[in-house]
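J.: The following file, data37.txt, comprises compact mmCIF, C-alpha atoms and all ligand atoms:
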```txt
# COMPACT_ATOMS: atom_id res chain seq x y z
CA MET A 14 0.15 -2.64 31.27
CA ASN A 15 2.68 -1.79 28.55
CA LEU A 16 4.63 -4.96 29.21
CA LEU A 17 1.43 -6.96 29.12
CA ASN A 18 0.41 -5.37 25.83
CA ASN A 19 3.80 -6.16 24.31
CA LEU A 20 3.42 -9.73 25.46
CA VAL A 21 -0.02 -10.00 23.87
CA VAL A 22 1.25 -8.46 20.60
CA ALA A 23 4.07 -11.03 20.53
CA THR A 24 1.74 -13.92 21.27
CA LEU A 25 -1.19 -12.75 19.13
CA PRO A 26 -0.49 -15.31 16.38
CA PHE A 27 -1.07 -18.02 19.00
CA VAL A 28 -4.31 -16.56 20.36
CA PRO A 29 -7.19 -18.74 19.09
CA LYS A 30 -8.92 -17.16 16.09
CA PRO A 31 -12.38 -17.12 17.76
CA ILE A 32 -10.92 -15.05 20.63
CA VAL A 33 -9.37 -12.57 18.19
CA GLY A 34 -12.74 -12.47 16.41
CA LYS A 35 -14.61 -11.77 19.61
CA VAL A 36 -12.34 -8.90 20.66
CA ALA A 37 -12.07 -7.48 17.14
CA SER A 38 -15.78 -7.60 16.35
CA ARG A 39 -16.05 -3.89 17.19
CA TYR A 40 -13.69 -3.11 14.28
CA ILE A 41 -15.48 -5.07 11.56
CA ALA A 42 -19.08 -4.94 10.39
CA GLY A 43 -19.25 -8.71 9.95
CA VAL A 44 -18.72 -11.28 7.23
CA THR A 45 -21.60 -10.66 4.81
CA LEU A 46 -22.72 -7.78 2.61
CA THR A 47 -25.92 -7.59 4.67
CA ASP A 48 -23.83 -7.12 7.83
CA ALA A 49 -22.06 -4.17 6.18
CA MET A 50 -25.31 -2.60 4.98
CA ASN A 51 -26.88 -2.91 8.44
CA LYS A 52 -23.86 -1.25 10.02
CA VAL A 53 -23.95 1.61 7.51
CA GLN A 54 -27.66 2.10 8.06
CA HIS A 55 -26.97 2.39 11.78
CA LEU A 56 -24.13 4.90 11.19
CA ASN A 57 -26.23 6.97 8.79
CA ALA A 58 -28.93 7.17 11.46
CA GLN A 59 -26.25 8.73 13.69
CA LYS A 60 -25.47 11.27 10.93
CA ALA A 61 -22.16 9.58 10.06
CA MET A 62 -21.28 8.82 6.45
CA ALA A 63 -19.47 5.58 5.62
CA THR A 64 -16.91 4.08 3.30
CA ILE A 65 -17.15 0.31 2.87
CA ASP A 66 -14.13 -1.93 2.36
CA VAL A 67 -14.36 -5.56 1.29
CA LEU A 68 -11.54 -7.05 3.36
CA GLY A 69 -8.75 -8.71 1.47
CA GLU A 70 -5.28 -7.80 0.27
CA ASP A 71 -2.22 -9.38 -1.32
CA VAL A 72 -4.19 -11.45 -3.79
CA PHE A 73 -1.95 -13.49 -6.09
CA THR A 74 -4.31 -15.04 -8.64
CA LYS A 75 -6.34 -13.33 -11.34
CA GLU A 76 -9.42 -15.30 -10.31
CA GLN A 77 -9.24 -13.91 -6.76
CA SER A 78 -8.72 -10.38 -8.10
CA LEU A 79 -11.77 -10.67 -10.33
CA GLN A 80 -13.77 -11.96 -7.40
CA SER A 81 -12.68 -8.93 -5.33
CA ARG A 82 -13.63 -6.64 -8.20
CA ASP A 83 -17.09 -8.20 -8.39
CA GLU A 84 -17.57 -8.00 -4.62
CA SER A 85 -16.75 -4.27 -4.70
CA ILE A 86 -19.20 -3.74 -7.56
CA ALA A 87 -21.86 -5.63 -5.58
CA VAL A 88 -21.24 -3.24 -2.65
CA LEU A 89 -21.79 -0.23 -4.91
CA ASN A 90 -25.02 -1.73 -6.28
CA GLU A 91 -26.33 -2.45 -2.80
CA ILE A 92 -25.49 1.07 -1.55
CA GLU A 93 -27.45 2.43 -4.51
CA LYS A 94 -30.37 0.06 -3.96
CA LEU A 95 -30.68 0.95 -0.27
CA LYS A 96 -29.89 4.66 -0.87
CA LEU A 97 -27.20 4.65 1.81
CA ASP A 98 -24.76 7.49 2.45
CA SER A 99 -21.61 5.52 1.75
CA ASN A 100 -18.84 5.25 -0.78
CA LEU A 101 -16.31 2.46 -1.34
CA SER A 102 -12.66 1.98 -0.36
CA VAL A 103 -10.46 -0.50 -2.22
CA LYS A 104 -6.99 -1.94 -1.72
CA LEU A 105 -5.25 -2.38 -5.05
CA THR A 106 -3.36 -5.50 -4.00
CA SER A 107 -6.76 -7.18 -3.74
CA LEU A 108 -7.37 -6.21 -7.36
CA GLY A 109 -4.13 -7.70 -8.66
CA LEU A 110 -1.59 -4.88 -8.21
CA LYS A 111 1.18 -7.37 -7.46
CA ILE A 112 0.22 -9.58 -10.39
CA ASP A 113 0.17 -6.90 -13.07
CA PRO A 114 -0.54 -3.16 -12.57
CA GLN A 115 -2.23 -3.00 -15.97
CA PHE A 116 -4.65 -5.80 -15.05
CA CYS A 117 -5.25 -4.07 -11.71
CA MET A 118 -6.01 -0.84 -13.53
CA GLU A 119 -8.66 -2.55 -15.65
CA ASN A 120 -10.30 -3.94 -12.51
CA SER A 121 -10.14 -0.52 -10.85
CA LEU A 122 -11.63 1.12 -13.94
CA ALA A 123 -14.56 -1.30 -13.87
CA ILE A 124 -15.27 -0.45 -10.23
CA VAL A 125 -14.93 3.31 -10.66
CA ALA A 126 -17.11 3.20 -13.80
CA GLN A 127 -19.84 1.45 -11.83
CA ALA A 128 -19.52 4.01 -9.03
CA ASN A 129 -19.74 6.75 -11.62
CA ALA A 130 -22.96 5.27 -13.00
CA HIS A 131 -24.40 5.50 -9.47
CA ASN A 132 -22.96 8.95 -8.84
CA ASN A 133 -20.76 7.47 -6.16
CA PHE A 134 -17.06 7.64 -5.27
CA VAL A 135 -14.16 5.22 -4.84
CA ARG A 136 -11.20 5.76 -2.54
CA ILE A 137 -7.99 3.89 -3.28
CA ASP A 138 -6.36 2.95 0.03
CA MET A 139 -2.57 3.18 0.32
CA GLU A 140 -0.63 0.05 1.28
CA ASP A 141 3.04 -0.47 2.19
CA HIS A 142 5.79 1.56 0.49
CA THR A 143 6.54 -1.13 -2.11
CA CYS A 144 3.07 -0.38 -3.55
CA THR A 145 3.16 3.44 -3.50
CA ASP A 146 4.41 4.09 -7.04
CA ASP A 147 2.15 1.51 -8.66
CA THR A 148 -0.84 2.68 -6.60
CA LEU A 149 -0.30 6.27 -7.71
CA TYR A 150 0.15 5.08 -11.29
CA VAL A 151 -3.17 3.19 -11.27
CA TYR A 152 -4.92 6.07 -9.47
CA ARG A 153 -3.75 8.59 -12.10
CA ALA A 154 -4.67 6.33 -14.99
CA VAL A 155 -8.20 5.93 -13.61
CA ARG A 156 -8.46 9.61 -12.67
CA GLU A 157 -7.72 10.56 -16.28
CA ARG A 158 -11.05 9.00 -17.21
CA TYR A 159 -13.14 9.50 -14.08
CA SER A 160 -13.22 12.26 -11.48
CA ASN A 161 -15.02 10.16 -8.82
CA VAL A 162 -11.85 8.57 -7.50
CA GLY A 163 -9.52 9.59 -4.68
CA ILE A 164 -6.24 8.50 -3.17
CA VAL A 165 -4.61 8.15 0.27
CA ILE A 166 -1.38 9.74 1.45
CA GLN A 167 0.52 8.60 4.55
CA SER A 168 2.20 11.33 6.60
CA TYR A 169 4.92 8.95 7.86
CA LEU A 170 6.51 8.60 4.42
CA HIS A 171 9.44 10.92 3.59
CA ARG A 172 8.24 11.09 -0.01
CA SER A 173 4.76 12.33 0.90
CA VAL A 174 5.59 16.06 0.73
CA ASP A 175 6.50 15.68 -2.94
CA ASP A 176 3.51 13.43 -3.63
CA VAL A 177 1.13 15.86 -1.94
CA ARG A 178 2.50 18.89 -3.83
CA LYS A 179 1.88 17.07 -7.10
CA LEU A 180 -1.56 15.82 -6.05
CA ALA A 181 -2.49 19.33 -4.85
CA SER A 182 -1.62 20.73 -8.28
CA GLU A 183 -3.90 18.07 -9.79
CA LYS A 184 -6.73 19.05 -7.37
CA ALA A 185 -6.82 15.46 -6.17
CA LEU A 186 -9.26 14.22 -3.54
CA VAL A 187 -6.89 13.03 -0.84
CA ARG A 188 -7.43 11.08 2.37
CA LEU A 189 -4.61 11.99 4.71
CA CYS A 190 -3.58 9.48 7.40
CA LYS A 191 -0.45 8.67 9.40
CA GLY A 192 0.18 5.25 7.82
CA ILE A 193 -0.21 1.83 9.37
CA TYR A 194 2.58 -0.34 7.97
CA ASN A 195 5.88 -1.03 9.72
CA GLU A 196 8.24 0.81 7.37
CA PRO A 197 12.06 1.14 7.57
CA PRO A 198 13.59 4.50 8.68
CA ASN A 199 15.01 5.27 5.22
CA VAL A 200 11.42 5.30 3.95
CA ALA A 201 9.39 6.61 6.86
CA ILE A 202 9.54 9.03 9.77
CA LYS A 203 9.68 6.90 12.90
CA ASP A 204 8.90 9.34 15.73
CA HIS A 205 5.36 10.14 16.77
CA VAL A 206 5.78 13.92 16.89
CA GLY A 207 7.57 14.00 13.52
CA ILE A 208 4.65 12.11 11.93
CA GLN A 209 2.14 14.50 13.52
CA ARG A 210 4.12 17.54 12.33
CA ASN A 211 4.28 16.18 8.79
CA PHE A 212 0.54 15.40 8.83
CA LEU A 213 -0.29 19.04 9.59
CA LYS A 214 2.25 20.26 7.02
CA LEU A 215 0.66 18.09 4.31
CA LEU A 216 -2.83 19.17 5.35
CA ARG A 217 -1.81 22.80 4.98
CA ILE A 218 -0.48 22.20 1.45
CA LEU A 219 -3.78 20.57 0.49
CA PHE A 220 -5.92 23.27 2.12
CA GLU A 221 -3.82 26.00 0.46
CA ALA A 222 -4.68 24.37 -2.89
CA ARG A 223 -8.36 24.15 -1.81
CA CYS A 224 -8.37 20.37 -2.18
CA TYR A 225 -11.14 18.37 -0.51
CA VAL A 226 -9.38 16.36 2.20
CA GLY A 227 -10.50 13.33 4.18
CA ILE A 228 -8.77 13.97 7.52
CA ALA A 229 -8.35 10.39 8.74
CA THR A 230 -7.19 10.31 12.33
CA HIS A 231 -8.29 9.64 15.91
CA ASP A 232 -5.42 11.66 17.34
CA ASP A 233 -6.64 14.70 19.33
CA VAL A 234 -3.53 16.70 18.47
CA LEU A 235 -4.27 16.27 14.74
CA ILE A 236 -8.04 16.72 15.04
CA ASP A 237 -7.57 19.93 17.02
CA GLY A 238 -4.80 21.10 14.65
CA ALA A 239 -7.05 20.43 11.67
CA ILE A 240 -9.95 22.34 13.22
CA GLU A 241 -7.64 25.33 13.81
CA MET A 242 -6.63 25.22 10.15
CA ILE A 243 -10.25 24.83 9.00
CA ASN A 244 -11.09 28.01 10.93
CA GLU A 245 -7.98 29.80 9.64
CA TYR A 246 -8.88 29.03 6.00
CA LYS A 247 -12.58 29.72 6.72
CA MET A 248 -13.56 26.40 5.20
CA GLY A 249 -17.22 25.37 5.24
CA PRO A 250 -18.28 21.84 6.24
CA SER A 251 -18.68 20.87 2.58
CA GLN A 252 -14.98 21.47 1.89
CA TYR A 253 -13.45 18.66 3.99
CA GLU A 254 -14.44 15.68 6.09
CA PHE A 255 -13.10 13.84 9.10
CA GLN A 256 -12.71 10.08 8.85
CA MET A 257 -12.42 7.41 11.54
CA LEU A 258 -12.26 3.65 11.72
CA LEU A 259 -15.24 1.62 12.87
CA GLY A 260 -15.06 0.92 16.60
CA VAL A 261 -12.45 3.56 17.41
CA ARG A 262 -13.06 6.72 19.50
CA GLU A 263 -16.80 6.78 19.08
CA GLU A 264 -17.30 9.58 21.61
CA ARG A 265 -14.96 11.93 19.72
CA ARG A 266 -16.74 10.92 16.50
CA LYS A 267 -20.11 11.91 17.92
CA GLN A 268 -18.67 15.15 19.27
CA LEU A 269 -17.29 16.15 15.85
CA ILE A 270 -20.64 15.43 14.21
CA SER A 271 -22.50 17.44 16.84
CA GLN A 272 -20.11 20.35 16.16
CA GLY A 273 -21.21 20.36 12.52
CA HIS A 274 -18.27 18.56 10.87
CA ARG A 275 -18.88 15.91 8.23
CA LEU A 276 -17.55 12.57 9.40
CA ARG A 277 -17.11 9.29 7.55
CA VAL A 278 -16.57 5.90 9.18
CA TYR A 279 -14.46 3.21 7.50
CA VAL A 280 -16.55 0.03 7.56
CA PRO A 281 -14.63 -3.15 6.70
CA PHE A 282 -16.37 -6.47 6.26
CA GLY A 283 -15.81 -9.85 4.68
CA ARG A 284 -14.30 -13.29 4.99
CA ASP A 285 -10.73 -11.95 5.32
CA TRP A 286 -11.34 -10.25 8.66
CA TYR A 287 -8.44 -11.84 10.54
CA SER A 288 -5.37 -9.85 9.37
CA TYR A 289 -7.28 -6.55 9.55
CA SER A 290 -8.40 -7.37 13.09
CA VAL A 291 -4.87 -8.21 14.20
CA ARG A 292 -3.62 -4.86 12.84
CA ARG A 293 -6.31 -2.98 14.76
CA LEU A 294 -5.65 -4.91 17.95
CA LYS A 295 -1.94 -4.15 17.76
CA GLU A 296 -2.80 -0.43 17.64
CA ASN A 297 -5.13 -0.52 20.61
CA PRO A 298 -3.42 0.39 23.88
CA GLN A 299 -6.12 -1.42 25.87
CA MET A 300 -5.66 -4.57 23.83
CA ALA A 301 -4.08 -6.79 26.46
CA GLY A 302 -6.99 -6.25 28.82
CA HIS A 303 -9.55 -7.00 26.13
CA VAL A 304 -7.78 -10.14 24.95
CA PHE A 305 -7.36 -11.49 28.46
CA LYS A 306 -10.98 -10.74 29.32
CA ALA A 307 -12.13 -12.57 26.20
CA MET A 308 -9.81 -15.52 26.87
CA PHE A 309 -11.09 -15.98 30.37
CA GLY A 310 -14.68 -14.96 29.68
CA ILE A 311 -14.56 -12.04 32.12
CA GLY A 312 -17.22 -9.38 31.67
CA GLN A 313 -18.34 -10.69 28.28
P1 LIG A 401 -3.03 7.16 16.91
O1 LIG A 401 -2.69 5.78 16.50
O2 LIG A 401 -2.02 7.92 17.69
O3 LIG A 401 -4.40 7.10 17.69
C1 LIG A 401 -4.91 8.17 18.44
C2 LIG A 401 -5.78 7.61 19.55
O4 LIG A 401 -6.89 6.92 18.98
C3 LIG A 401 -5.11 6.57 20.43
O5 LIG A 401 -4.40 7.15 21.47
C4 LIG A 401 -6.26 5.77 20.91
O6 LIG A 401 -6.91 6.45 21.96
C5 LIG A 401 -7.18 5.77 19.73
N1 LIG A 401 -7.00 4.58 18.90
C6 LIG A 401 -6.28 4.48 17.76
N2 LIG A 401 -6.38 3.24 17.25
C7 LIG A 401 -7.17 2.54 18.08
C8 LIG A 401 -7.69 1.21 18.09
N3 LIG A 401 -7.38 0.36 17.13
N4 LIG A 401 -8.48 0.86 19.10
C9 LIG A 401 -8.83 1.72 20.07
N5 LIG A 401 -8.38 2.99 20.11
C10 LIG A 401 -7.57 3.40 19.15
N6 LIG A 401 -3.41 3.65 6.87
C11 LIG A 401 -2.75 3.34 5.73
O7 LIG A 401 -1.55 3.06 5.78
N7 LIG A 401 -3.40 3.33 4.53
C12 LIG A 401 -4.72 3.65 4.42
O8 LIG A 401 -5.27 3.64 3.31
C13 LIG A 401 -5.42 3.98 5.61
N8 LIG A 401 -6.74 4.29 5.59
C14 LIG A 401 -7.36 4.76 6.73
C15 LIG A 401 -8.69 5.20 6.67
C16 LIG A 401 -9.27 5.78 7.79
C17 LIG A 401 -10.69 6.28 7.70
C18 LIG A 401 -8.53 5.89 9.01
C19 LIG A 401 -9.12 6.55 10.22
C20 LIG A 401 -7.25 5.41 9.07
C21 LIG A 401 -6.65 4.82 7.95
N9 LIG A 401 -5.36 4.31 8.01
C22 LIG A 401 -4.73 3.97 6.84
C23 LIG A 401 -4.72 4.05 9.32
C24 LIG A 401 -3.87 5.23 9.77
O9 LIG A 401 -2.75 5.33 8.93
C25 LIG A 401 -3.41 5.05 11.22
O10 LIG A 401 -2.65 3.91 11.34
C26 LIG A 401 -4.53 4.96 12.24
O11 LIG A 401 -5.58 5.85 11.93
C27 LIG A 401 -4.01 5.33 13.63
O12 LIG A 401 -3.47 6.64 13.62
P2 LIG A 401 -4.18 7.88 14.34
O13 LIG A 401 -3.89 9.09 13.53
O14 LIG A 401 -5.59 7.60 14.57
O15 LIG A 401 -3.37 8.10 15.67
```
Could you render the structure from this file as structure tokens?
Ligand code: FDA

T.:
Amino acid sequence: MNLLNNLVVATLPFVPKPIVGKVASRYIAGVTLTDAMNKVQHLNAQKAMATIDVLGEDVFTKEQSLQSRDESIAVLNEIEKLKLDSNLSVKLTSLGLKIDPQFCMENSLAIVAQANAHNNFVRIDMEDHTCTDDTLYVYRAVRERYSNVGIVIQSYLHRSVDDVRKLASEKALVRLCKGIYNEPPNVAIKDHVGIQRNFLKLLRILFEARCYVGIATHDDVLIDGAIEMINEYKMGPSQYEFQMLLGVREERRKQLISQGHRLRVYVPFGRDWYSYSVRRLKENPQMAGHVFKAMFGIGQ
């Protein structure tokens, strides 16, 4: 099965887009804002909170960045209108980070200001290591003016211990995850256990500082380790939350909710679903089977 998965990963660029779409549809809410709202309504009914992401990254024109900004603002307005339990996640490269960090900051400020007007919250996702400094710069500039903004830290990065110590001293609202990008060894820890160990180390630093953490993982070792720490620090359910991606480990998600933990689901939607879907498929150990089934119409 491993060999087959590797083969599918290597050939994924040649798999017809509709097939990728079919297999990946569990990971994305759909293409339209209405699709996203329907999905969030469904999640809220299951006592899960949500964070909505308008798919898109690496935007290289100001027009596209402004369009992304407006789409994010429209999401916030719709959440408010429908009274949904959801906040917003944004990727700064979709708001012009690679064009001009200052321009990106203005776009981010506009989004966070709108969220603030609705008493809502914006999470700034973390992208590959070439974006880390600029992302933290924009985050801090926005955070100076608004408190309803949070950041993401990736436990695979060597630098993250220093970043987390600083963020903990600033009482930042941090989402902690492993990190999804394929980074070089001089930048990132490459072994699975090392990344897990660092995740729990960073979580402890944040808990020690009584920061509110979004514990973003589907890994049982990390979920169980986090629960042990939550008990050790006697933290109530309002002092942290678990976070998972749409379509991943739904049984564990339901179990955490039934045990009284707050849990938020990351709900991506939009026209740019393809690259996100490919990333998710590459992570999924059962991917080869799913892709082959979809290609040959088995069990669909
Ligand atoms: P791991 O990958 O080991 O997964 C644990 C288990 O979960 C697997 O064994 C499998 O059973 C299941 N699983 C995982 N992925 C699956 C899939 N696609 N399909 C089916 N089963 C799957 N990264 C980043 O760099 N910047 C960011 O801003 C974010 N933001 C973010 C938000 C949220 C809410 C989550 C949950 C994750 C992110 N990530 C992220 C992604 C994160 O860095 C990481 O790549 C993934 O969560 C996978 O790591 P896990 O800790 O889940 O472990």

J.: For atom C18 of ligand LIG 401 (chain A) and atom CA of A:Phe134, quote the distance in Å rounded to one decimal.

T.: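 Between atom C18 of ligand LIG 401 (chain A) and atom CA of A:Phe134 the gap is 16.7 Å.
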
J.: Which residues are near A:Leu216? Cut-off 12 Å, all atoms listed in the file, ignore same chain within fewer than 2 positions. Put them as a PyMOL selection string.

T.: chain A and resi 166-168+173-174+177-178+180-181+187-191+209-214+218-229+235-236+238-243+246+253

J.: Set the cut-off to 7 Å, count all atoms listed in the file, and list whatever residues fall near ligand LIG 401 (chain A) as a list in words.

T.: Asp138, Met139, Glu140, Asp141, Val165, Gln167, Cys190, Lys191, Gly192, Ile193, Tyr194, Ala229, Thr230, His231, Asp232, Asp233, Gln256, Met257, Leu258, Val261, Arg262, Val278, Tyr279, Arg293, Leu294, Glu296, Asn297 and Pro298 of chain A

J.: Which is closer to A:Gln272 than all the others in A:Leu108, A:Phe255, A:Ala123, A:Gln77, using all atoms listed in the file?

T.: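 Smallest distance to A:Gln272 is found for A:Phe255.
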
J.: Rounded to one decimal place, report the atom CA of A:Lys52-atom CA of A:Leu68 distance in Å.

T.: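 These atoms are spaced 15.2 Å apart.
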
J.: Which residues are near A:Gly43? Cut-off 7 Å, only C-alpha atoms, ignore same chain within fewer than 2 positions. Put them as a PyMOL selection string.

T.: chain A and resi 41+45+48-49+282-283

J.: How big is the axis-aligned box around the listed atoms of stretch 208-218 of chain A once 3 Å is added on each side, and where is its centre? Give both in Å to one decimal, as lines of an AutoDock Vina configuration file.

T.:
```
center_x = 0.9
center_y = 17.5
center_z = 7.5
size_x = 13.5
size_y = 16.7
size_z = 18.1
```

J.: Point out the residue among A:Gly163, A:Gly207, A:Pro198, A:Gly260 with the least atom-to-atom distance to A:Asn133, counting all atoms listed in the file.

T.: A:Gly163

J.: Counting all atoms listed in the file, which of A:Asn195, A:Ser160, A:Gln299, A:Ser38 gets nearest to A:His142?

T.: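 Residue with the minimum atom-to-atom distance to A:His142: A:Asn195.
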
J.: Neighbouring residues of A:Glu196 were defined as those with any atom within 9 Å, considering all atoms listed in the file; residues of the same chain fewer than 3 positions away were excluded. Please report them as a PyMOL selection string.

T.: chain A and resi 141-142+169-170+193+199-203

J.: My list of candidates is A:Lys295, A:Leu186, A:Ser290, A:Arg172. Which is closest to A:Val36 when distances are computed with all atoms listed in the file?

T.: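 Of A:Lys295, A:Leu186, A:Ser290, A:Arg172, the one nearest A:Val36, counting all atoms listed in the file, is A:Ser290.
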